[in-house]
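Visitor: Here it is, the structure in full.
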Amino acid sequence: MEKLLKTAPELPGDPEARTIRITLEPDDVGLRIDALLSARVDGLTRSQAARLIEERRVLADGGPVKKNLRITGEREIILQIPPPRPLEAPPADIPLDIVYEDGDLLVINKPRGMVVHPAPGHYDDTLVNALVARLGGRLSGIGGVSRPGIVHRLDKDTSGLVLVAKNDRAHLSLSSQLKAHTIERIYEAVVIGRVKQSGFTIDAPLARSPRDRKKMAVAEGGRCAVTRVTVIAEYAGYTHVECRLETGRTHQIRVHMAHIGHPVAGDAVYGPKKQALALKGQCLHARTVGFEHPSTGQRLTFTSSLPDYFVKVLDSLKG
């Protein structure tokens, strides 16, 4: 059924990881790879299996697999399970800028540089750690013990408004609104170059980059992604824009703006490595969020002022 291996050359180098070979059976034909792994490896859920696939820790026929792979014929499956990490986020006394709070939810104004939930390298200095210190167990559990209350995320160096759910009912309501694209999310950004059109829509599907799995890319067959862009002001070599998200894919604004030749200023991942503006990360701010309250049904909209780093960039461009 399964046995441990010493090494597998195509897997990430992780000396503490457990590497397993699974011998397939006739009944496995037709199963999705994540369903197969969760059925054959004790304690492994489908979501955990999908994460291992995304991290290129699952091989079939000697190479990494895609998460929608269905078992056909005779295949050899090898997977690598990294050592367990502490999942429960410890409380941390980190100040929070709370824009709104009631019995169901919070709206947090996240500063630039703060990670939303625990991840490698950030286990005790995230937004979640601060929330746990403030609210303890009074957060929704849908995201698991490492992401309690987190309805959606912002990148570490993106500032602005984040929705947090205090209970599962509120979390489910807000998540369904995200899925239905009825939550209003408006960002402001400074992008490189002069954007010629005053207003336009970028409709380009996104998927994991085949060259770098940590990055996203415009790709045929990817998930639908739509960004509506409006020019706010033009400067020498830069443009201040507003971006309305019709969908909310990972790195959507950053990838879309880079795709049309106007990467977000300061974004060394999707833009040039060396940039004229002295920025530590992208100049991108989640300014507005609007949604239907999970309990009252009332439409609520919140707006965050541009943070100091963003204002300084605009002042330098005006000067």
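Please note that chains go A, B, ... in the order of the structure tokens, that every chain numbers its residues from 1, and that ligands are numbered from 1 in the order shown.
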Show which residues sit within 9 Å of Leu279 (chain A), as a PyMOL selection string. Count only C-alpha atoms, and ignore same-chain residues fewer than 3 positions away.

Guide: chain A and resi 265-267+275-276+282-283+309+313

Visitor: Produce a file of the selected residues containing N, CA and C atoms, as a PDB file, in the first residue's frame.

Guide:
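The result, written out as selection38.pdb:
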ATOM      1  N   ALA A 265       4.357  50.223  -8.420  1.00  0.00           N
ATOM      2  CA  ALA A 265       5.633  50.759  -7.952  1.00  0.00           C
ATOM      3  C   ALA A 265       6.061  50.048  -6.671  1.00  0.00           C
ATOM      4  N   GLY A 266       7.324  49.681  -6.613  1.00  0.00           N
ATOM      5  CA  GLY A 266       7.864  49.008  -5.444  1.00  0.00           C
ATOM      6  C   GLY A 266       7.711  47.499  -5.456  1.00  0.00           C
ATOM      7  N   ASP A 267       7.001  46.961  -6.438  1.00  0.00           N
ATOM      8  CA  ASP A 267       6.770  45.525  -6.512  1.00  0.00           C
ATOM      9  C   ASP A 267       7.918  44.865  -7.270  1.00  0.00           C
ATOM     10  N   GLN A 275      14.288  49.838  -8.812  1.00  0.00           N
ATOM     11  CA  GLN A 275      13.307  50.873  -9.099  1.00  0.00           C
ATOM     12  C   GLN A 275      13.779  52.211  -8.545  1.00  0.00           C
ATOM     13  N   ALA A 276      13.286  53.271  -9.180  1.00  0.00           N
ATOM     14  CA  ALA A 276      13.720  54.614  -8.802  1.00  0.00           C
ATOM     15  C   ALA A 276      13.179  55.020  -7.444  1.00  0.00           C
ATOM     16  N   GLN A 282       5.293  46.871  -2.525  1.00  0.00           N
ATOM     17  CA  GLN A 282       4.427  47.538  -3.477  1.00  0.00           C
ATOM     18  C   GLN A 282       3.636  48.690  -2.855  1.00  0.00           C
ATOM     19  N   CYS A 283       3.388  49.713  -3.668  1.00  0.00           N
ATOM     20  CA  CYS A 283       2.594  50.870  -3.241  1.00  0.00           C
ATOM     21  C   CYS A 283       1.136  50.568  -3.573  1.00  0.00           C
ATOM     22  N   TYR A 309       3.127  56.153   4.110  1.00  0.00           N
ATOM     23  CA  TYR A 309       4.094  55.781   3.072  1.00  0.00           C
ATOM     24  C   TYR A 309       3.549  56.111   1.689  1.00  0.00           C
ATOM     25  N   VAL A 313       4.935  58.962  -1.139  1.00  0.00           N
ATOM     26  CA  VAL A 313       5.217  58.668  -2.548  1.00  0.00           C
ATOM     27  C   VAL A 313       4.545  59.707  -3.442  1.00  0.00           C
TER      28      VAL A 313
END

Visitor: For Leu79 (chain A), list every protein, DNA or RNA residue within 6 Å, evaluated using only C-alpha atoms, and leave out those in the same chain fewer than 3 positions away; present the list as a PyMOL selection string.

Guide: chain A and resi 19-20+57-58

Visitor: Going by DSSP on the backbone, which bits of region 146-223 of chain A are strand (DSSP E)? Write them as an NGL selection string, please.

Guide: :A and (159-165 or 184-192 or 199-203 or 206-208 or 216-218)

Visitor: Using only C-alpha atoms, which residues sit within 7 Å of Val162 (chain A) once same-chain residues fewer than 4 positions away are excluded, as a list of chain:residue names?

Guide: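 So, after excluding close chain neighbours, the residues are A:Val107, A:Ile108, A:Asn109, A:Lys110, A:His152, A:Arg153.
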
Visitor: Point out the residue among A:His181, A:Arg112, A:Arg21, A:Lys156 with the least atom-to-atom distance to Glu292 (chain A), counting only C-alpha atoms.

Guide: A:His181

Visitor: Please give the complete set of residues from region 23-266 of chain A that DSSP, run on the backbone, assigns to helix (DSSP H, G or I), formatted as a PyMOL selection string.

Guide: chain A and resi 26-28+33-40+46-54+127-135+168-179+252-259

Visitor: May I have a table of the residues of region 49-119 of chain A lying at most 10 Å from region 208-225 of chain A, giving each one's closest pair of atoms and their distance in Å to one decimal, counting only C-alpha atoms, ordered by chain and ascending residue number, as a Markdown table?

Guide:
| residue | atom | partner | partner_atom | distance |
| --- | --- | --- | --- | --- |
| A:Glu54 | CA | A:Arg213 | CA | 7.6 |
| A:Glu55 | CA | A:Arg213 | CA | 7.5 |
| A:Arg56 | CA | A:Arg213 | CA | 8.4 |

Visitor: Can you list, as a list in words, every protein, DNA or RNA residue that comes within 12 Å of Gly261 (chain A) when you count only C-alpha atoms, leaving out same-chain residues fewer than 2 positions away?

Guide: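 Using only C-alpha atoms, the neighbours found are Val191, Ile192, Gly193, Arg194, Val195, Lys196, Tyr238, Arg254, Val255, His256, Met257, Ala258, His259, Pro263, Val264, Ala265, Tyr270, Gly271 and Pro272 of chain A.
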
Visitor: Could you write out the selected residues, including C-alpha atoms, as a PDB file, in the first residue's frame?

Guide:
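Final output, saved to part15.pdb:
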ATOM      1  CA  VAL A 191       2.010  52.151 -11.010  1.00  0.00           C
ATOM      2  CA  ILE A 192       5.060  52.578 -13.213  1.00  0.00           C
ATOM      3  CA  GLY A 193       4.582  54.457 -16.494  1.00  0.00           C
ATOM      4  CA  ARG A 194       1.920  56.746 -17.917  1.00  0.00           C
ATOM      5  CA  VAL A 195      -1.382  54.914 -18.262  1.00  0.00           C
ATOM      6  CA  LYS A 196      -2.948  56.224 -21.474  1.00  0.00           C
ATOM      7  CA  TYR A 238       4.091  57.102 -12.836  1.00  0.00           C
ATOM      8  CA  ARG A 254      -0.178  43.221  -9.038  1.00  0.00           C
ATOM      9  CA  VAL A 255      -0.279  40.604 -11.810  1.00  0.00           C
ATOM     10  CA  HIS A 256      -2.879  42.423 -13.925  1.00  0.00           C
ATOM     11  CA  MET A 257      -1.056  45.756 -13.839  1.00  0.00           C
ATOM     12  CA  ALA A 258       2.258  44.085 -14.668  1.00  0.00           C
ATOM     13  CA  HIS A 259       0.526  42.208 -17.494  1.00  0.00           C
ATOM     14  CA  PRO A 263       3.576  47.096 -12.585  1.00  0.00           C
ATOM     15  CA  VAL A 264       2.832  48.506  -9.159  1.00  0.00           C
ATOM     16  CA  ALA A 265       5.633  50.759  -7.952  1.00  0.00           C
ATOM     17  CA  TYR A 270       6.158  41.373 -10.700  1.00  0.00           C
ATOM     18  CA  GLY A 271       8.011  44.563 -11.605  1.00  0.00           C
ATOM     19  CA  PRO A 272      11.653  45.529 -12.143  1.00  0.00           C
TER      20      PRO A 272
END

Visitor: With only C-alpha atoms as the counted atoms, please give the residues lying no more than 12 Å from Ser176 (chain A), apart from itself and same-chain residues fewer than 4 positions off, as a list of chain:residue names.

Guide: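 Using only C-alpha atoms, the neighbours found are A:Val151, A:His152, A:Arg169, A:Ala170, A:His171, A:Leu172, A:Ala180, A:His181, A:Thr182, A:Ile183, A:Phe291, A:Glu292, A:Pro294.
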
Visitor: Pick the closest to Glu16 (chain A) from A:Pro82, A:Gly43, A:Pro95, A:Gly149: which is it, counting only C-alpha atoms?

Guide: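 Answer, going by the shortest atom-to-atom distance: A:Pro82.
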
Visitor: Show me, as a ChimeraX atom specification, the residues that have an atom within 9 Å of His293 (chain A) when counting only C-alpha atoms, minus same-chain residues fewer than 4 positions from it.

Guide: /A:104-105,170,173-174,297-300

Visitor: Keeping only N, CA and C atoms, write the selected residues as an mmCIF file, in the first residue's frame.

Guide:
data_model
loop_
_atom_site.group_PDB
_atom_site.id
_atom_site.type_symbol
_atom_site.label_atom_id
_atom_site.label_comp_id
_atom_site.auth_asym_id
_atom_site.auth_seq_id
_atom_site.Cartn_x
_atom_site.Cartn_y
_atom_site.Cartn_z
ATOM 1 N N ASP A 104 -20.462 40.411 15.499
ATOM 2 C CA ASP A 104 -20.258 39.464 14.407
ATOM 3 C C ASP A 104 -18.920 39.600 13.699
ATOM 4 N N LEU A 105 -18.383 40.805 13.662
ATOM 5 C CA LEU A 105 -17.211 40.997 12.802
ATOM 6 C C LEU A 105 -16.390 42.205 13.213
ATOM 7 N N ALA A 170 -21.275 34.392 10.621
ATOM 8 C CA ALA A 170 -20.823 35.603 9.940
ATOM 9 C C ALA A 170 -19.779 35.265 8.876
ATOM 10 N N SER A 173 -21.450 33.848 5.782
ATOM 11 C CA SER A 173 -22.150 34.896 5.043
ATOM 12 C C SER A 173 -21.174 35.741 4.236
ATOM 13 N N LEU A 174 -20.096 36.175 4.860
ATOM 14 C CA LEU A 174 -19.114 37.015 4.158
ATOM 15 C C LEU A 174 -18.404 36.229 3.059
ATOM 16 N N GLY A 297 -28.378 42.548 7.560
ATOM 17 C CA GLY A 297 -28.622 42.720 6.134
ATOM 18 C C GLY A 297 -28.333 44.121 5.642
ATOM 19 N N GLN A 298 -27.955 45.017 6.560
ATOM 20 C CA GLN A 298 -27.649 46.399 6.178
ATOM 21 C C GLN A 298 -26.357 46.453 5.360
ATOM 22 N N ARG A 299 -26.364 47.303 4.345
ATOM 23 C CA ARG A 299 -25.160 47.500 3.540
ATOM 24 C C ARG A 299 -24.218 48.440 4.266
ATOM 25 N N LEU A 300 -23.000 47.975 4.527
ATOM 26 C CA LEU A 300 -21.993 48.769 5.223
ATOM 27 C C LEU A 300 -20.811 49.006 4.299
#

Visitor: Which neighbours of Ser47 (chain A) fall inside 12 Å, counting only C-alpha atoms, when residues of the same chain fewer than 3 positions from it are skipped, and could you give them as JSON, numbers by chain?

Guide: {"A": [33, 34, 35, 37, 38, 43, 44, 50, 51, 52, 53, 54, 67, 143, 144]}
